[in-house]
Amino acid sequence: MTESAEHPIEKRGLAYEIGAGTFDLARAGLELYSVFVRTLYYVFRGRREKGAVVRQMYEIGNKSVVFLTITMGFIGMIMVYQSGLQTKRILPDFSLIGATFLELLTRDLAASIGALMLATRVGAGIAAEIGSMVVTEQVDALRMSAADPIDYLIKPRFIASIVMTTALIIWSGFVAFCVGGAIGYFAFDIPPRTFFSTQLVDHGDVITGLVKCVAYGGAIPIVSGYCGLSTYGGSEGVGWATTRAVVNSSLTIIILNFFISGTAYIVFPK
Amino acid sequence: MAATAPERAAFSPTERLLGLAGVVGGGVLGVAEVAGGMGVLLGRIVARLFPPRIDYPELRRNLYKMSVKSVPIVIITALFTGAIMVIQAAPIVKRLGAEGLVGWAAGFTTLREIAPLLTALMISGRVGANNTAELGTMVVTEQLDALRVLAIDPISFLVLPRFIGIVVTLFMMTLYADALALFGATYCAQALLNVAPMAFYHGLTGGLMGFGDVANGLIKSIIFGVVMALASCHFGLATKGGAPGVGRAVNATVVASAAGIFVLDYFVSFLLG
């Protein structure tokens with residue numbers, strides 16, 4: 001971006017656009033990586049502020065419970081209803097729907113959809129808060145007092161988010177399964193005894209699910225904290241930072257999901 | 001909207017006295033206020049559609065900004081989503097010994113559910129949130145009042161083009177994501193399960209699925225678009241209080257859009273069968 005200011009190029013060709021885009025992407029990736037490494041460093045070496053992590057846990061966790069319960073409850077209903085319709089078309093045998101649903105929920109859906117929901121709520125919240133602090137020069141004040149904003153702002157959110165994302169996703173998976181069981185009973189007459197079965201869930205599914213929880217929980221505050229810290233320019237800038245936080249955390253979750261699912265498919269063959 | 005503000009202010013001391021009941025009641029009133037505001041906004045938008053009073057250059061500008069600029073994230077989301085659907089369907093298909101059905105198994109869920117849902121969530125993050133930020137900034141910097149002073153109707157000049165832009169964007173992007181997700185799924189199935197692309201396509205078109213399944217997803221995308229556009233314009237117009245206010249409005253938009261999308265998804269799935 002700075003280059004175009006130094007050498008004003010009248011006509012920007014396709015190569016310029018692609019090149020500039022690639023450089024921007026690479027730079028953002030490097031900065032994101034640096035934020036991640038510094039956060040990890042401060043988790044072990046940073047100063048400890050009493051109550052900061054607990055406060056963030058309340059912000060991230062407790063305030064998302066209702067939102068996540070509602071959305072995951074509806075996801076449970078939708079998935080069971082759709083898979084019931086799908087099964088009906090090939091063979092009307094509903095005995096495995098509950099077990100398959102629980103397997104899918106443990107391995108992927110609970111963590112991924114729950115984390116996408118958290119990325120919108122928590123990610124937007126973190127970026128809006130840190131972005132407002134950047135715009136009102138509070139972050140510069142922190143730097144002047146020799147407090148690294150990553151240590152002071154991102155680290156507590158990182159720890160809190162990993163813990164609370166895991167807890168919230170286990171809770172919301174439970175909600176989705178129970179609501180799904182109710183829909184299975186009312187829409188397809190699946191007896192609850194058949195539906196609530198854990199026969200298809202093995203240790204590989206549980207490990208994959210938990211790895212996803214931790215990975216997503218760590219990714220959301222890092223990506224949105226980075227977006228918040230790179231805010232510039234007034235209230236419009238805060239809006240932009242929030243938008244970027246939501247989009248980038250969601251994209252990160254989808255890409256992480258692809259790699260974790262692929263690895264799990266190879267490591268834990270069925 | 002103006003009438004509800006003093007009422008809520010009067011409510012807050014009582015809320016403190018009532019404890020839990022006050023919190024629950026306050027929450028219900030808050031939801032009712034948002035739903036009412038969105039309903040009134042929808043009414044105003046519909047009133048300006050017959051006969052259409054739209055600012056066409058603004059519509060074109062918004063369509064470019066919302067649709068064309070969202071193509072990269074839709075491409076990435078859709079390709080990865082298609083691949084993930086095959087990875088998730090693979091053990092189930094293998095267990096049944098029906099590798100030929102993987103096209104159907106992954107395609108059914110992708111077309112009916114996952115592609116419209118994930119596209120809506122991504123577009124809500126990019127377009128809906130951005131739109132709120134833009135409208136919110138205009139409200140905070142009193143540009144909307146300036147429009148009113150110039151006797152320009154802010155709804156037909158600003159809100160209607162954005163509303164149409166979001167609905168059209170989501171519909172087109174869902175169509176696009178459907179195709180790309182199936183493309184990603186095809187090659188993931190070839191890599192993971194050794195299912196030839198032709199066999200995958202045959203699973204899709206072999207008679208177990210019809211146009212109804214694609215249409216189901218597309219109808220959903222229109223409904224999601226309407227909810228998202230209403231939420232985004234409503235919270236943008238209701239912004240108060242400087243830069244933090246804009247951040248709060250954006251946050252409220254993405255949360256309300258996501259909740260609205262999931263809740264309506266269930267009812268639409270149920271109604272369409």
# chains A, B, ... in the order shown; residues from 1 in each chain; ligands from 1
$ residues_around --residues "Arg157 (chain A)" --least-positions-apart "6" --cutoff "8 Å" --atoms "only C-alpha atoms" --output "MDAnalysis selection string"
chainID A and resid 53 56:57 221
$ closest_atom_pairs --of "chain B" --to "chain A" --cutoff "8 Å" --atoms "only C-alpha atoms" --output "Markdown table"
| residue | atom | partner | partner_atom | distance |
| --- | --- | --- | --- | --- |
| B:Ile73 | CA | A:Leu251 | CA | 7.7 |
| B:Ile76 | CA | A:Leu251 | CA | 7.9 |
| B:Thr77 | CA | A:Leu251 | CA | 6.8 |
| B:Phe80 | CA | A:Phe258 | CA | 6.4 |
| B:Thr81 | CA | A:Ile254 | CA | 7.2 |
| B:Ala83 | CA | A:Phe258 | CA | 7.3 |
| B:Ile84 | CA | A:Phe258 | CA | 5.7 |
| B:Ile87 | CA | A:Gly262 | CA | 6.8 |
| B:Gln88 | CA | A:Leu104 | CA | 7.3 |
| B:Pro91 | CA | A:Lys270 | CA | 6.1 |
| B:Ile92 | CA | A:Thr100 | CA | 7.9 |
| B:Phe108 | CA | A:Gln86 | CA | 7.6 |
| B:Thr109 | CA | A:Gln82 | CA | 7.7 |
| B:Met122 | CA | A:Val247 | CA | 6.3 |
| B:Gly125 | CA | A:Val247 | CA | 5.4 |
| B:Arg126 | CA | A:Thr243 | CA | 5.8 |
| B:Ala129 | CA | A:Thr243 | CA | 5.5 |
| B:Asn130 | CA | A:Thr243 | CA | 5.8 |
| B:Thr132 | CA | A:Gly239 | CA | 7.8 |
| B:Ala133 | CA | A:Gly239 | CA | 4.6 |
| B:Glu134 | CA | A:Glu236 | CA | 6.8 |
| B:Thr137 | CA | A:Glu236 | CA | 5.8 |
| B:Leu208 | CA | A:Arg89 | CA | 7.3 |
| B:Gly242 | CA | A:Ser235 | CA | 6.5 |
| B:Ala243 | CA | A:Ser235 | CA | 3.9 |
| B:Pro244 | CA | A:Ser132 | CA | 5.7 |
| B:Val246 | CA | A:Gly239 | CA | 6.1 |
| B:Gly247 | CA | A:Ala128 | CA | 4.7 |
| B:Arg248 | CA | A:Ala128 | CA | 7.0 |
| B:Val250 | CA | A:Gly239 | CA | 6.6 |
| B:Asn251 | CA | A:Ala124 | CA | 5.4 |
| B:Val254 | CA | A:Thr120 | CA | 6.0 |
| B:Val255 | CA | A:Arg121 | CA | 5.8 |
| B:Ala258 | CA | A:Met117 | CA | 7.2 |
| B:Ala259 | CA | A:Thr71 | CA | 6.0 |
| B:Phe262 | CA | A:Thr71 | CA | 5.8 |
| B:Val263 | CA | A:Phe74 | CA | 6.1 |
| B:Asp265 | CA | A:Ile78 | CA | 7.5 |
| B:Tyr266 | CA | A:Ile78 | CA | 5.4 |
| B:Ser269 | CA | A:Ile78 | CA | 7.2 |
| B:Phe270 | CA | A:Tyr81 | CA | 7.9 |
$ decode --residues "region 185-213 of chain A" --atoms "N, CA, C and O atoms" --output "compact mmCIF listing (two decimals), in the first residue's frame"
# COMPACT_ATOMS: atom_id res chain seq x y z
N TYR A 185 -38.30 -37.90 18.69
CA TYR A 185 -39.45 -38.57 19.28
C TYR A 185 -40.76 -38.04 18.70
O TYR A 185 -41.64 -38.80 18.31
N PHE A 186 -40.85 -36.71 18.59
CA PHE A 186 -42.13 -36.14 18.15
C PHE A 186 -42.33 -36.23 16.64
O PHE A 186 -43.45 -36.43 16.18
N ALA A 187 -41.26 -36.09 15.85
CA ALA A 187 -41.44 -36.05 14.40
C ALA A 187 -41.34 -37.43 13.77
O ALA A 187 -42.03 -37.71 12.78
N PHE A 188 -40.48 -38.31 14.30
CA PHE A 188 -40.28 -39.61 13.64
C PHE A 188 -40.57 -40.80 14.55
O PHE A 188 -40.28 -41.93 14.20
N ASP A 189 -41.11 -40.54 15.76
CA ASP A 189 -41.42 -41.61 16.72
C ASP A 189 -40.21 -42.47 17.06
O ASP A 189 -40.33 -43.70 17.16
N ILE A 190 -39.02 -41.87 17.18
CA ILE A 190 -37.86 -42.64 17.61
C ILE A 190 -37.91 -42.73 19.13
O ILE A 190 -37.93 -41.68 19.79
N PRO A 191 -37.97 -43.93 19.72
CA PRO A 191 -38.01 -43.99 21.18
C PRO A 191 -36.73 -43.43 21.79
O PRO A 191 -35.63 -43.69 21.27
N PRO A 192 -36.84 -42.64 22.86
CA PRO A 192 -35.64 -42.02 23.46
C PRO A 192 -34.58 -43.05 23.82
O PRO A 192 -33.39 -42.77 23.74
N ARG A 193 -35.00 -44.26 24.21
CA ARG A 193 -34.05 -45.29 24.58
C ARG A 193 -33.14 -45.63 23.39
O ARG A 193 -31.96 -45.91 23.56
N THR A 194 -33.72 -45.64 22.17
CA THR A 194 -32.92 -45.92 20.97
C THR A 194 -32.07 -44.72 20.60
O THR A 194 -30.94 -44.85 20.16
N PHE A 195 -32.66 -43.51 20.75
CA PHE A 195 -31.96 -42.30 20.30
C PHE A 195 -30.74 -42.02 21.16
O PHE A 195 -29.65 -41.78 20.64
N PHE A 196 -30.93 -42.05 22.48
CA PHE A 196 -29.81 -41.68 23.36
C PHE A 196 -28.87 -42.86 23.51
O PHE A 196 -28.91 -43.58 24.51
N SER A 197 -28.04 -43.07 22.49
CA SER A 197 -27.12 -44.20 22.54
C SER A 197 -25.73 -43.70 22.21
O SER A 197 -25.55 -42.86 21.32
N THR A 198 -24.75 -44.19 22.93
CA THR A 198 -23.38 -43.74 22.72
C THR A 198 -22.56 -44.80 22.01
O THR A 198 -21.33 -44.76 22.02
N GLN A 199 -23.22 -45.76 21.32
CA GLN A 199 -22.47 -46.90 20.79
C GLN A 199 -21.47 -46.52 19.71
O GLN A 199 -20.50 -47.23 19.50
N LEU A 200 -21.69 -45.40 19.00
CA LEU A 200 -20.78 -45.08 17.89
C LEU A 200 -19.67 -44.11 18.29
O LEU A 200 -18.78 -43.83 17.51
N VAL A 201 -19.76 -43.55 19.51
CA VAL A 201 -18.75 -42.57 19.91
C VAL A 201 -17.56 -43.31 20.51
O VAL A 201 -17.72 -44.07 21.47
N ASP A 202 -16.37 -43.09 19.96
CA ASP A 202 -15.19 -43.70 20.57
C ASP A 202 -14.21 -42.61 21.01
O ASP A 202 -14.49 -41.42 20.87
N HIS A 203 -13.06 -43.03 21.54
CA HIS A 203 -12.14 -42.03 22.10
C HIS A 203 -11.64 -41.07 21.01
O HIS A 203 -11.38 -39.91 21.30
N GLY A 204 -11.50 -41.56 19.77
CA GLY A 204 -11.04 -40.70 18.69
C GLY A 204 -11.97 -39.50 18.48
O GLY A 204 -11.52 -38.37 18.32
N ASP A 205 -13.29 -39.76 18.52
CA ASP A 205 -14.26 -38.67 18.34
C ASP A 205 -14.14 -37.64 19.45
O ASP A 205 -14.15 -36.43 19.22
N VAL A 206 -14.02 -38.14 20.69
CA VAL A 206 -13.95 -37.22 21.83
C VAL A 206 -12.67 -36.38 21.75
O VAL A 206 -12.70 -35.17 21.94
N ILE A 207 -11.55 -37.04 21.41
CA ILE A 207 -10.28 -36.29 21.32
C ILE A 207 -10.37 -35.24 20.22
O ILE A 207 -10.01 -34.08 20.41
N THR A 208 -10.91 -35.64 19.03
CA THR A 208 -11.04 -34.68 17.93
C THR A 208 -11.86 -33.48 18.38
O THR A 208 -11.49 -32.33 18.14
N GLY A 209 -13.00 -33.76 19.03
CA GLY A 209 -13.87 -32.68 19.46
C GLY A 209 -13.17 -31.74 20.42
O GLY A 209 -13.24 -30.52 20.28
N LEU A 210 -12.43 -32.31 21.39
CA LEU A 210 -11.78 -31.46 22.38
C LEU A 210 -10.63 -30.66 21.76
O LEU A 210 -10.44 -29.48 22.11
N VAL A 211 -9.90 -31.30 20.83
CA VAL A 211 -8.82 -30.56 20.15
C VAL A 211 -9.42 -29.37 19.42
O VAL A 211 -8.89 -28.24 19.46
N LYS A 212 -10.58 -29.60 18.76
CA LYS A 212 -11.23 -28.49 18.04
C LYS A 212 -11.62 -27.38 19.00
O LYS A 212 -11.41 -26.21 18.71
N CYS A 213 -12.20 -27.75 20.16
CA CYS A 213 -12.60 -26.72 21.14
C CYS A 213 -11.42 -25.85 21.50
O CYS A 213 -11.52 -24.61 21.50
